[in-house]
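Listing of upload23.tsv; format and content: TSV, C-alpha atoms and all ligand atoms.
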chain	number	residue	atom	x	y	z
A	1	MET	CA	11.31	-5.40	43.09
A	2	GLY	CA	12.35	-4.82	39.49
A	3	THR	CA	15.40	-6.67	38.22
A	4	GLY	CA	17.39	-4.16	36.16
A	5	VAL	CA	20.50	-2.29	37.14
A	6	VAL	CA	20.28	1.48	37.53
A	7	SER	CA	23.48	3.24	36.49
A	8	HIS	CA	24.50	6.81	37.36
A	9	ILE	CA	23.46	9.56	34.97
A	10	ASP	CA	23.44	13.32	35.37
A	11	THR	CA	19.98	14.57	36.28
A	12	ILE	CA	18.97	17.96	34.90
A	13	ILE	CA	16.11	20.08	36.24
A	14	LEU	CA	14.20	21.73	33.37
A	15	ASP	CA	11.66	24.53	33.75
A	16	SER	CA	8.29	23.33	32.44
A	17	LYS	CA	7.30	26.78	31.21
A	18	TYR	CA	9.52	26.38	28.11
A	19	THR	CA	8.07	24.35	25.23
A	20	GLU	CA	11.48	23.04	24.22
A	21	ASN	CA	11.91	21.52	27.68
A	22	ILE	CA	8.51	19.83	27.49
A	23	ASP	CA	9.40	18.48	24.04
A	24	LEU	CA	12.79	17.21	25.24
A	25	CYS	CA	11.15	15.33	28.13
A	26	ALA	CA	8.35	13.99	25.91
A	27	GLY	CA	11.06	12.69	23.56
A	28	VAL	CA	12.61	10.72	26.44
A	29	ILE	CA	9.23	9.13	27.26
A	30	LYS	CA	8.62	8.29	23.58
A	31	THR	CA	11.95	6.48	23.39
A	32	GLY	CA	11.33	4.36	26.47
A	33	GLY	CA	12.99	6.51	29.16
A	34	LEU	CA	11.83	8.00	32.46
A	35	VAL	CA	11.10	11.63	33.36
A	36	ALA	CA	9.95	13.04	36.71
A	37	PHE	CA	7.30	15.75	36.32
A	38	ALA	CA	5.24	18.06	38.50
A	39	THR	CA	1.55	17.41	39.05
A	40	GLU	CA	-0.75	19.34	41.39
A	41	THR	CA	-0.56	16.52	43.98
A	42	VAL	CA	3.06	15.31	44.09
A	43	TYR	CA	5.86	14.86	41.55
A	44	GLY	CA	5.42	11.71	39.44
A	45	LEU	CA	8.03	9.42	37.87
A	46	GLY	CA	6.69	8.87	34.37
A	47	ALA	CA	7.11	6.26	31.64
A	48	ASN	CA	5.12	5.30	28.53
A	49	ALA	CA	2.31	3.22	30.05
A	50	LEU	CA	2.08	1.11	26.88
A	51	ASP	CA	5.77	0.13	26.99
A	52	GLU	CA	6.40	-2.75	29.36
A	53	ASP	CA	10.18	-2.28	29.39
A	54	ALA	CA	9.90	1.43	30.17
A	55	VAL	CA	7.48	0.68	33.02
A	56	GLU	CA	9.92	-1.91	34.40
A	57	LYS	CA	12.46	0.91	34.83
A	58	ILE	CA	10.08	2.74	37.20
A	59	PHE	CA	10.08	-0.25	39.55
A	60	ASP	CA	13.89	-0.41	39.39
A	61	VAL	CA	14.47	3.27	40.13
A	62	LYS	CA	11.96	3.34	43.00
A	63	GLY	CA	12.81	-0.09	44.43
A	64	ARG	CA	9.05	-0.62	44.25
A	65	PRO	CA	7.51	-4.02	44.99
A	66	VAL	CA	6.21	-5.43	41.67
A	67	ASP	CA	2.82	-6.22	43.20
A	68	ASN	CA	2.08	-2.50	43.71
A	69	PRO	CA	0.30	-1.19	40.58
A	70	LEU	CA	0.83	2.23	38.98
A	71	ILE	CA	-1.55	5.07	38.08
A	72	VAL	CA	-1.92	5.80	34.35
A	73	HIS	CA	-2.04	9.54	33.61
A	74	VAL	CA	-3.85	11.01	30.61
A	75	ALA	CA	-4.23	14.50	29.11
A	76	SER	CA	-7.93	14.20	28.22
A	77	VAL	CA	-10.97	12.15	29.21
A	78	ASP	CA	-11.11	10.75	25.66
A	79	ASP	CA	-7.67	9.22	26.18
A	80	ILE	CA	-9.14	7.01	28.94
A	81	ILE	CA	-11.53	5.22	26.60
A	82	PRO	CA	-8.96	2.90	24.92
A	83	ILE	CA	-7.44	1.98	28.29
A	84	VAL	CA	-10.56	0.70	30.08
A	85	ARG	CA	-13.64	-1.48	29.50
A	86	ASN	CA	-17.08	-1.80	31.19
A	87	ILE	CA	-17.17	1.94	31.90
A	88	PRO	CA	-19.72	2.45	34.72
A	89	ASP	CA	-22.38	5.18	34.42
A	90	ILE	CA	-20.91	7.25	37.26
A	91	PHE	CA	-17.68	7.66	35.30
A	92	GLU	CA	-19.21	10.50	33.34
A	93	ILE	CA	-20.28	12.40	36.47
A	94	LEU	CA	-16.85	11.96	38.08
A	95	ALA	CA	-14.93	12.76	34.90
A	96	HIS	CA	-16.97	15.90	34.38
A	97	LYS	CA	-16.25	17.12	37.90
A	98	TYR	CA	-12.73	15.85	38.61
A	99	MET	CA	-10.92	15.46	35.32
A	100	PRO	CA	-8.63	17.23	35.47
A	101	GLY	CA	-8.11	16.92	39.22
A	102	PRO	CA	-6.69	14.97	42.16
A	103	LEU	CA	-8.99	11.94	41.78
A	104	THR	CA	-7.83	8.54	40.50
A	105	LEU	CA	-10.46	6.10	39.26
A	106	ILE	CA	-10.09	2.32	39.27
A	107	MET	CA	-11.81	0.63	36.32
A	108	LYS	CA	-11.58	-2.67	34.41
A	109	LYS	CA	-8.49	-2.62	32.21
A	110	ASN	CA	-8.12	-3.16	28.49
A	111	SER	CA	-5.42	-5.46	27.13
A	112	ILE	CA	-3.30	-2.60	25.70
A	113	ILE	CA	-2.12	-1.85	29.24
A	114	PRO	CA	0.80	-4.18	30.07
A	115	ASP	CA	0.45	-6.39	33.13
A	116	ASN	CA	3.37	-4.81	34.99
A	117	VAL	CA	1.49	-1.47	35.10
A	118	THR	CA	-1.40	-3.06	36.99
A	119	ALA	CA	0.63	-5.70	38.87
A	120	GLY	CA	-1.40	-8.39	37.13
A	121	LEU	CA	-4.77	-7.04	38.29
A	122	ASP	CA	-7.65	-6.85	35.80
A	123	THR	CA	-8.24	-3.22	36.83
A	124	VAL	CA	-6.31	-0.06	36.03
A	125	ALA	CA	-5.98	3.26	37.91
A	126	VAL	CA	-6.47	6.38	35.73
A	127	ARG	CA	-6.03	10.05	36.49
A	128	MET	CA	-5.99	13.30	34.53
A	129	PRO	CA	-3.85	15.73	36.52
A	130	LYS	CA	-4.75	19.40	36.81
A	131	HIS	CA	-1.26	20.94	36.70
A	132	PRO	CA	-1.20	22.78	33.33
A	133	ALA	CA	2.40	21.73	32.57
A	134	ALA	CA	1.61	18.08	33.37
A	135	LEU	CA	-1.24	18.17	30.85
A	136	VAL	CA	0.92	19.76	28.15
A	137	PHE	CA	3.69	17.24	28.86
A	138	ILE	CA	1.42	14.16	28.72
A	139	LYS	CA	-0.17	15.45	25.52
A	140	ALA	CA	3.29	15.93	23.99
A	141	CYS	CA	4.22	12.35	24.96
A	142	GLY	CA	1.36	11.13	22.77
A	143	CYS	CA	0.75	8.15	25.05
A	144	PRO	CA	-0.71	7.47	28.49
A	145	VAL	CA	1.97	8.01	31.16
A	146	ALA	CA	2.33	5.55	34.05
A	147	ALA	CA	3.61	7.43	37.09
A	148	PRO	CA	3.96	6.68	40.77
A	149	SER	CA	5.22	9.36	43.15
A	150	ALA	CA	8.86	10.12	42.29
A	151	ASN	CA	10.39	8.95	45.60
A	152	PRO	CA	12.13	5.73	46.63
A	153	SER	CA	9.47	3.28	47.74
A	154	GLY	CA	8.45	3.76	51.39
A	155	PHE	CA	9.67	7.35	51.83
A	156	PRO	CA	7.80	10.70	51.80
A	157	SER	CA	6.56	11.83	48.38
A	158	PRO	CA	8.27	14.77	46.62
A	159	THR	CA	6.44	18.09	46.39
A	160	LYS	CA	9.36	20.11	44.94
A	161	ALA	CA	11.80	19.45	42.09
A	162	ALA	CA	14.62	19.63	44.67
A	163	HIS	CA	13.03	16.72	46.59
A	164	VAL	CA	13.11	14.59	43.44
A	165	LEU	CA	16.75	15.51	42.76
A	166	ASN	CA	17.64	14.58	46.32
A	167	ASP	CA	15.76	11.27	46.13
A	168	ILE	CA	16.44	9.85	42.67
A	169	GLY	CA	19.00	12.25	41.16
A	170	GLY	CA	21.57	10.20	39.23
A	171	LYS	CA	18.96	7.68	38.12
A	172	ILE	CA	16.87	9.68	35.62
A	173	PRO	CA	17.90	12.23	32.94
A	174	TYR	CA	15.34	15.01	33.58
A	175	ILE	CA	13.03	16.51	36.17
A	176	LEU	CA	10.33	18.72	34.65
A	177	ASP	CA	10.09	21.47	37.25
A	178	GLY	CA	6.57	22.87	37.58
A	179	GLY	CA	7.14	24.55	40.95
A	180	ASP	CA	5.89	23.41	44.35
A	181	CYS	CA	2.89	21.06	44.22
A	182	ILE	CA	-0.21	23.00	45.27
A	183	VAL	CA	-2.10	20.04	46.81
A	184	GLY	CA	0.94	18.31	48.28
A	185	LEU	CA	-0.75	14.95	49.00
A	186	GLU	CA	-1.43	12.12	46.55
A	187	SER	CA	-4.78	11.84	44.77
A	188	THR	CA	-7.85	10.20	46.25
A	189	VAL	CA	-8.11	6.66	44.81
A	190	LEU	CA	-11.72	5.60	44.13
A	191	ASP	CA	-12.69	2.13	42.96
A	192	ILE	CA	-15.74	2.39	40.68
A	193	THR	CA	-15.83	-1.27	39.64
A	194	CYS	CA	-17.94	-2.15	42.69
A	195	GLU	CA	-21.65	-1.43	43.13
A	196	ILE	CA	-20.92	1.17	45.80
A	197	PRO	CA	-17.84	3.22	44.88
A	198	ARG	CA	-15.09	2.71	47.42
A	199	ILE	CA	-12.30	5.04	48.53
A	200	LEU	CA	-9.09	2.98	48.60
A	201	ARG	CA	-6.83	5.91	49.51
A	202	PRO	CA	-8.09	9.21	51.01
A	203	GLY	CA	-6.84	12.37	49.30
A	204	PHE	CA	-7.66	15.95	48.43
A	205	VAL	CA	-11.14	14.98	47.16
A	206	THR	CA	-12.82	14.12	50.46
A	207	TYR	CA	-15.32	11.44	51.48
A	208	ASN	CA	-18.05	14.07	52.07
A	209	GLU	CA	-17.47	15.66	48.69
A	210	LEU	CA	-17.75	12.30	46.90
A	211	LYS	CA	-20.83	11.42	48.96
A	212	ASP	CA	-22.48	14.66	47.85
A	213	VAL	CA	-21.72	13.87	44.21
A	214	LEU	CA	-22.48	10.12	44.23
A	215	GLY	CA	-25.02	9.58	47.03
A	216	THR	CA	-23.25	6.63	48.64
A	217	VAL	CA	-19.54	5.93	49.02
A	218	ASP	CA	-17.69	3.27	51.00
A	219	ILE	CA	-14.31	3.72	52.53
A	220	SER	CA	-11.74	0.95	52.71
A	221	ASN	CA	-10.52	0.58	56.27
A	222	GLY	CA	-7.70	-1.65	55.14
A	223	LYS	CA	-9.04	-4.49	57.26
A	224	GLY	CA	-10.85	-7.70	56.36
A	225	ASN	CA	-10.33	-9.64	53.17
A	226	SER	CA	-13.70	-9.45	51.45
A	227	VAL	CA	-12.79	-6.31	49.54
A	228	PRO	CA	-9.30	-5.85	48.09
A	229	MET	CA	-7.80	-2.51	49.02
A	230	SER	CA	-5.18	-0.58	47.09
A	231	PRO	CA	-2.30	-3.08	47.03
A	232	GLY	CA	0.19	-0.32	47.80
A	233	THR	CA	-1.44	0.54	51.10
A	234	LYS	CA	-0.06	-2.62	52.76
A	235	TYR	CA	3.54	-1.45	52.52
A	236	ARG	CA	5.52	0.94	54.70
A	237	HIS	CA	4.79	4.36	53.26
A	238	TYR	CA	5.64	8.03	53.48
A	239	SER	CA	8.15	7.40	56.32
A	240	PRO	CA	11.17	9.57	57.09
A	241	SER	CA	14.43	7.73	57.86
A	242	THR	CA	14.34	8.96	61.48
A	243	PRO	CA	11.97	7.07	63.83
A	244	PHE	CA	8.68	9.01	63.57
A	245	PHE	CA	6.04	9.23	66.32
A	246	VAL	CA	2.56	10.65	65.76
A	247	VAL	CA	0.51	11.94	68.69
A	248	THR	CA	-3.29	12.04	68.29
A	249	GLY	CA	-5.75	14.00	70.45
A	250	SER	CA	-6.71	17.65	70.95
A	251	PRO	CA	-4.02	20.09	69.74
A	252	ASP	CA	-3.61	21.40	73.33
A	253	ASP	CA	-2.93	17.88	74.64
A	254	THR	CA	-0.64	16.78	71.80
A	255	ALA	CA	1.41	20.00	71.99
A	256	GLU	CA	1.87	19.60	75.74
A	257	TYR	CA	2.90	15.95	75.29
A	258	ILE	CA	5.42	16.78	72.57
A	259	CYS	CA	6.91	19.71	74.56
A	260	GLY	CA	7.56	17.24	77.35
A	261	CYS	CA	9.49	14.95	74.96
A	262	MET	CA	11.82	17.60	73.51
A	263	ASP	CA	15.55	17.28	73.98
A	264	PHE	CA	18.60	17.90	71.79
A	265	ASN	CA	18.00	14.61	69.96
A	266	THR	CA	14.34	15.20	69.14
A	267	ALA	CA	12.58	17.21	66.42
A	268	ALA	CA	8.89	18.13	66.31
A	269	LEU	CA	6.28	18.78	63.63
A	270	VAL	CA	3.70	21.12	65.13
A	271	PHE	CA	0.86	23.35	63.95
A	272	ASP	CA	1.60	27.06	63.38
A	273	ASP	CA	-0.58	28.05	66.34
A	274	TYR	CA	1.38	25.70	68.65
A	275	ALA	CA	4.88	26.65	67.49
A	276	PHE	CA	7.38	26.88	70.34
A	277	SER	CA	10.83	28.36	70.21
A	278	ASP	CA	13.09	25.40	69.63
A	279	SER	CA	15.30	25.20	66.57
A	280	ARG	CA	14.26	21.59	66.05
A	281	THR	CA	10.61	22.52	65.53
A	282	VAL	CA	9.03	22.53	62.05
A	283	THR	CA	5.54	23.95	61.50
A	284	PHE	CA	3.11	22.67	58.86
A	285	GLY	CA	0.05	24.95	58.90
A	286	HIS	CA	-2.56	26.13	61.42
A	287	SER	CA	-4.31	23.37	63.41
A	288	LYS	CA	-7.58	24.11	61.57
A	289	ASP	CA	-6.07	24.65	58.12
A	290	HIS	CA	-5.97	21.19	56.55
A	291	VAL	CA	-5.24	22.59	53.07
A	292	THR	CA	-1.93	24.09	54.26
A	293	GLN	CA	-1.15	20.98	56.32
A	294	ALA	CA	-1.57	18.86	53.18
A	295	SER	CA	0.67	21.09	51.10
A	296	GLN	CA	3.43	21.31	53.73
A	297	LEU	CA	3.45	17.86	55.35
A	298	TYR	CA	6.05	16.13	53.17
A	299	ASP	CA	8.41	19.11	53.11
A	300	ALA	CA	8.11	19.38	56.90
A	301	LEU	CA	8.84	15.65	57.31
A	302	ARG	CA	11.89	15.99	55.09
A	303	LYS	CA	13.14	19.06	57.00
A	304	ALA	CA	12.81	17.28	60.35
A	305	ASP	CA	14.50	14.21	58.88
A	306	GLY	CA	17.46	16.38	57.86
A	307	MET	CA	18.09	17.65	61.39
A	308	GLY	CA	20.19	14.69	62.45
A	309	VAL	CA	17.96	13.85	65.43
A	310	SER	CA	17.08	10.36	66.65
A	311	LYS	CA	13.30	10.89	66.99
A	312	ILE	CA	10.61	13.04	65.40
A	313	TYR	CA	7.28	13.68	67.14
A	314	ALA	CA	4.28	15.15	65.29
A	315	GLN	CA	0.83	16.52	66.12
A	316	ALA	CA	-1.85	14.67	64.12
A	317	PRO	CA	-4.69	16.81	62.74
A	318	SER	CA	-8.37	16.14	63.44
A	319	GLU	CA	-9.74	13.68	60.88
A	320	GLU	CA	-12.53	15.92	59.57
A	321	GLY	CA	-12.64	16.64	55.84
A	322	LEU	CA	-9.19	16.86	54.29
A	323	GLY	CA	-7.71	16.23	57.76
A	324	ALA	CA	-8.52	12.52	57.18
A	325	ALA	CA	-6.04	12.36	54.28
A	326	VAL	CA	-3.33	14.29	56.15
A	327	ALA	CA	-3.78	12.06	59.22
A	328	ASN	CA	-3.80	8.93	57.01
A	329	ARG	CA	-0.33	9.75	55.62
A	330	MET	CA	1.05	10.65	59.06
A	331	LEU	CA	-0.28	7.50	60.74
A	332	LYS	CA	1.08	5.31	57.94
A	333	ALA	CA	4.44	7.08	58.16
A	334	ALA	CA	4.49	6.34	61.90
A	335	GLY	CA	3.56	2.64	61.55
A	336	GLU	CA	3.36	1.29	65.10
A	337	ASN	CA	4.60	4.54	66.65
A	338	ILE	CA	1.23	6.11	67.43
A	339	ILE	CA	0.57	7.74	70.80
A	340	ARG	CA	-3.17	8.16	71.37
A	341	LEU	CA	-4.09	10.74	74.01
A	342	GLU	CA	-7.87	10.69	73.35
A	401	LIG	O1	-1.45	11.96	43.19
A	401	LIG	C1	-1.09	10.83	42.81
A	401	LIG	O2	-1.88	9.89	42.74
A	401	LIG	C2	0.38	10.67	42.39
A	401	LIG	C3	0.65	11.55	41.17
A	401	LIG	C4	2.02	11.33	40.60
A	401	LIG	O3	-0.36	11.34	40.22
A	401	LIG	N1	0.68	9.29	42.14
A	401	LIG	C5	0.76	8.38	43.14
A	401	LIG	O4	1.11	7.12	42.70
A	401	LIG	O5	0.51	8.62	44.29
A	401	LIG	P1	1.59	5.97	43.71
A	401	LIG	O6	2.11	4.90	42.83
A	401	LIG	O7	2.53	6.52	44.69
A	401	LIG	O8	0.25	5.46	44.36
A	401	LIG	C6	-0.69	4.76	43.57
A	401	LIG	C7	-1.69	4.08	44.46
A	401	LIG	C8	-1.09	2.91	45.20
A	401	LIG	O9	-1.61	2.83	46.52
A	401	LIG	C9	-1.58	1.72	44.35
A	401	LIG	O10	-1.65	0.52	45.09
A	401	LIG	C10	-2.95	2.21	43.91
A	401	LIG	O11	-2.76	3.57	43.64
A	401	LIG	N2	-3.40	1.52	42.69
A	401	LIG	C11	-2.89	1.60	41.44
A	401	LIG	N3	-3.54	0.79	40.60
A	401	LIG	C12	-4.50	0.17	41.31
A	401	LIG	C13	-5.51	-0.81	41.01
A	401	LIG	N4	-5.65	-1.30	39.79
A	401	LIG	N5	-6.33	-1.21	42.02
A	401	LIG	C14	-6.20	-0.68	43.26
A	401	LIG	N6	-5.27	0.23	43.61
A	401	LIG	C15	-4.43	0.64	42.66
A	402	MG	MG	3.70	6.82	46.32

Let me see the file written as structure tokens.
Amino acid sequence: MGTGVVSHIDTIILDSKYTENIDLCAGVIKTGGLVAFATETVYGLGANALDEDAVEKIFDVKGRPVDNPLIVHVASVDDIIPIVRNIPDIFEILAHKYMPGPLTLIMKKNSIIPDNVTAGLDTVAVRMPKHPAALVFIKACGCPVAAPSANPSGFPSPTKAAHVLNDIGGKIPYILDGGDCIVGLESTVLDITCEIPRILRPGFVTYNELKDVLGTVDISNGKGNSVPMSPGTKYRHYSPSTPFFVVTGSPDDTAEYICGCMDFNTAALVFDDYAFSDSRTVTFGHSKDHVTQASQLYDALRKADGMGVSKIYAQAPSEEGLGAAVANRMLKAAGENIIRLE
């Protein structure tokens, strides 16, 4: 964890559609402070990526383990050039297609990036977000912006300004409100330093899509020690405070199982087409609609967590396409609490 002390300050939510609000927040970043801002994936907690002391504050506010590196956000592909070295040929193809977009690329780092950004690794994660206000904000900062998701380490990511206020209000001066995050799940993390590009974290850009673009792609299964995975993936992640159980299998089977578990102390996350009339039920999209599931998952987890129950059960989606990323977050949130009906 970081070492500093975080004192209480009033946190103000500012609408990102006003230039003066963008400029105010950019001014905070330029002077070594932190600002939370909307991206198309989740809200980020930003600091000047070239300022070691500012980056240190991110770890303090989040309670983030110092061996978990941060993603560096830029407003243009050109701004990546000074940050990295040994740029592989496929960078151009990926940048052309996904910058801006919900894809983070791991490349060899240049020395201008402080070691605490990359947790001492010789690689750096870079992403150019697609949210228009995020791009205007980063450009106004005039520096690359290091930003993890704006939640306390281990908990669900924020997809609304109100989530950020709830989570880290009192610890940062401003939240740049760009509305609800359209994607709702963190970016796909792709390591392009290896011969065969490797997905370290599944996200909105799917395995099949990357395979179509690149020909071959590996996927880190988080096991074995020959290939390092995203350091962050080893920690507890995305978890509500309430014990969370994920049930995998056909939607018919998982719905039936969860119905059988319901009592006054239990909440359920179910697909729209399996909703049952119980006030402790939260829906998060149709069973076949992975795009809606992705955008609603974290809000649904937070709603269920706020119900004062002692257990939450959830239907896991099928792992096809974007379902793989949704299921990945749910299974990580559940930890050991996975009930497999297949
Ligand atoms: O969509 C997103 O990616 C959001 C928004 C704010 O851009 N950010 C985000 O950051 O999800 P964070 O810190 O919550 O997750 C970053 C992930 C972690 O799993 C971390 O371990 C991995 O990226 N990562 C960062 N730098 C890395 C590196 N050099 N090598 C491998 N993995 C890295
Ligand atoms: Mg995170």

* To do: Within 7 Å of ligand LIG 401 (chain A), which residues show up when you count all atoms listed in the file? List them as JSON, numbers by chain, please.
  => {"A": [39, 41, 42, 43, 44, 45, 68, 69, 70, 71, 102, 104, 106, 118, 121, 123, 124, 125, 127, 129, 147, 148, 149, 185, 186, 187, 188, 189, 200, 201, 229, 230, 231, 232, 233]}

Once 8 Å is added on each side, what centre and edge lengths in Å to one decimal does the axis-aligned box around all listed atoms of stretch 24-31 of chain A have, as AutoDock Vina command-line options?
--center_x 10.6 --center_y 11.8 --center_z 25.8 --size_x 20.4 --size_y 26.7 --size_z 20.7

* Neighbours of point (-8.6, -4.2, 33.0) within 7 Å, using only C-alpha atoms, written as number ranges by chain -> A: 84-85, 107-111, 122-124

* Asked: Neighbours of ligand MG 402 (chain A) within 8 Å, counting only C-alpha atoms and all ligand atoms, as a list in words?
  ->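 So the residues close to ligand MG 402 (chain A) are Pro148, Ser149, Ala150, Asn151, Ser153, Gly154, Pro156, Ser157, Glu186, His237 and Tyr238 of chain A.
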
Save the residues we just selected, C-alpha atoms, as an mmCIF file, keeping the file's coordinate frame?
data_model
loop_
_atom_site.group_PDB
_atom_site.id
_atom_site.type_symbol
_atom_site.label_atom_id
_atom_site.label_comp_id
_atom_site.auth_asym_id
_atom_site.auth_seq_id
_atom_site.Cartn_x
_atom_site.Cartn_y
_atom_site.Cartn_z
ATOM 1 C CA PRO A 148 3.960 6.680 40.770
ATOM 2 C CA SER A 149 5.220 9.360 43.150
ATOM 3 C CA ALA A 150 8.860 10.120 42.290
ATOM 4 C CA ASN A 151 10.390 8.950 45.600
ATOM 5 C CA SER A 153 9.470 3.280 47.740
ATOM 6 C CA GLY A 154 8.450 3.760 51.390
ATOM 7 C CA PRO A 156 7.800 10.700 51.800
ATOM 8 C CA SER A 157 6.560 11.830 48.380
ATOM 9 C CA GLU A 186 -1.430 12.120 46.550
ATOM 10 C CA HIS A 237 4.790 4.360 53.260
ATOM 11 C CA TYR A 238 5.640 8.030 53.480
#

Please produce, as a Markdown table, a per-residue contact table for stretch 82-191 of chain A versus stretch 298-308 of chain A (criterion: any atom at most 12 Å away, all atoms listed in the file considered), showing the nearest atom pair and its distance in Å to one decimal, sorted by chain then residue number.
| residue | atom | partner | partner_atom | distance |
| --- | --- | --- | --- | --- |
| A:Asn151 | CA | A:Tyr298 | CA | 11.3 |
| A:Phe155 | CA | A:Arg302 | CA | 9.5 |
| A:Pro156 | CA | A:Tyr298 | CA | 5.9 |
| A:Ser157 | CA | A:Tyr298 | CA | 6.5 |
| A:Pro158 | CA | A:Tyr298 | CA | 7.0 |
| A:Thr159 | CA | A:Tyr298 | CA | 7.1 |
| A:Lys160 | CA | A:Asp299 | CA | 8.3 |
| A:Ala161 | CA | A:Asp299 | CA | 11.5 |
| A:Ala162 | CA | A:Asp299 | CA | 10.5 |
| A:His163 | CA | A:Asp299 | CA | 8.3 |
| A:Val164 | CA | A:Asp299 | CA | 11.7 |
| A:Asn166 | CA | A:Arg302 | CA | 10.6 |
| A:Asp167 | CA | A:Arg302 | CA | 10.8 |
| A:Asp180 | CA | A:Asp299 | CA | 10.1 |
| A:Cys181 | CA | A:Asp299 | CA | 10.6 |
| A:Val183 | CA | A:Tyr298 | CA | 11.1 |
| A:Gly184 | CA | A:Tyr298 | CA | 7.4 |
| A:Leu185 | CA | A:Tyr298 | CA | 8.1 |
| A:Glu186 | CA | A:Tyr298 | CA | 10.8 |

Go ahead and save the residues from that selection, with C-alpha atoms, as a compact mmCIF listing (two decimals), keeping the file's coordinate frame.
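Dumped to again_33.txt:
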# COMPACT_ATOMS: atom_id res chain seq x y z
CA ASN A 151 10.39 8.95 45.60
CA PHE A 155 9.67 7.35 51.83
CA PRO A 156 7.80 10.70 51.80
CA SER A 157 6.56 11.83 48.38
CA PRO A 158 8.27 14.77 46.62
CA THR A 159 6.44 18.09 46.39
CA LYS A 160 9.36 20.11 44.94
CA ALA A 161 11.80 19.45 42.09
CA ALA A 162 14.62 19.63 44.67
CA HIS A 163 13.03 16.72 46.59
CA VAL A 164 13.11 14.59 43.44
CA ASN A 166 17.64 14.58 46.32
CA ASP A 167 15.76 11.27 46.13
CA ASP A 180 5.89 23.41 44.35
CA CYS A 181 2.89 21.06 44.22
CA VAL A 183 -2.10 20.04 46.81
CA GLY A 184 0.94 18.31 48.28
CA LEU A 185 -0.75 14.95 49.00
CA GLU A 186 -1.43 12.12 46.55

With all heavy atoms as the goal, would you fill in the gaps in stretch 74-78 of chain A and present it as a PDB file, keeping the file's coordinate frame?
ATOM      1  N   VAL A  74      -3.437  10.622  31.962  1.00  0.00           N
ATOM      2  CA  VAL A  74      -3.850  11.010  30.610  1.00  0.00           C
ATOM      3  C   VAL A  74      -4.029  12.527  30.548  1.00  0.00           C
ATOM      4  O   VAL A  74      -4.151  13.192  31.593  1.00  0.00           O
ATOM      5  CB  VAL A  74      -5.173  10.316  30.204  1.00  0.00           C
ATOM      6  CG1 VAL A  74      -4.997   8.812  30.068  1.00  0.00           C
ATOM      7  CG2 VAL A  74      -6.284  10.661  31.194  1.00  0.00           C
ATOM      8  N   ALA A  75      -4.074  13.054  29.294  1.00  0.00           N
ATOM      9  CA  ALA A  75      -4.230  14.500  29.110  1.00  0.00           C
ATOM     10  C   ALA A  75      -5.661  14.889  28.759  1.00  0.00           C
ATOM     11  O   ALA A  75      -5.991  16.071  28.724  1.00  0.00           O
ATOM     12  CB  ALA A  75      -3.271  14.992  28.024  1.00  0.00           C
ATOM     13  N   SER A  76      -6.519  13.887  28.502  1.00  0.00           N
ATOM     14  CA  SER A  76      -7.930  14.200  28.220  1.00  0.00           C
ATOM     15  C   SER A  76      -8.787  12.997  28.603  1.00  0.00           C
ATOM     16  O   SER A  76      -8.273  11.859  28.671  1.00  0.00           O
ATOM     17  CB  SER A  76      -8.120  14.520  26.734  1.00  0.00           C
ATOM     18  OG  SER A  76      -8.126  13.319  25.992  1.00  0.00           O
ATOM     19  N   VAL A  77     -10.068  13.245  28.842  1.00  0.00           N
ATOM     20  CA  VAL A  77     -10.970  12.150  29.210  1.00  0.00           C
ATOM     21  C   VAL A  77     -11.061  11.152  28.051  1.00  0.00           C
ATOM     22  O   VAL A  77     -11.116   9.933  28.271  1.00  0.00           O
ATOM     23  CB  VAL A  77     -12.369  12.708  29.599  1.00  0.00           C
ATOM     24  CG1 VAL A  77     -13.362  11.581  29.844  1.00  0.00           C
ATOM     25  CG2 VAL A  77     -12.262  13.593  30.844  1.00  0.00           C
ATOM     26  N   ASP A  78     -11.036  11.643  26.825  1.00  0.00           N
ATOM     27  CA  ASP A  78     -11.110  10.750  25.660  1.00  0.00           C
ATOM     28  C   ASP A  78      -9.980   9.724  25.657  1.00  0.00           C
ATOM     29  O   ASP A  78     -10.144   8.603  25.177  1.00  0.00           O
ATOM     30  CB  ASP A  78     -11.019  11.569  24.353  1.00  0.00           C
ATOM     31  CG  ASP A  78     -12.318  12.314  24.082  1.00  0.00           C
ATOM     32  OD1 ASP A  78     -13.336  12.009  24.744  1.00  0.00           O
ATOM     33  OD2 ASP A  78     -12.305  13.206  23.214  1.00  0.00           O
TER      34      ASP A  78
END
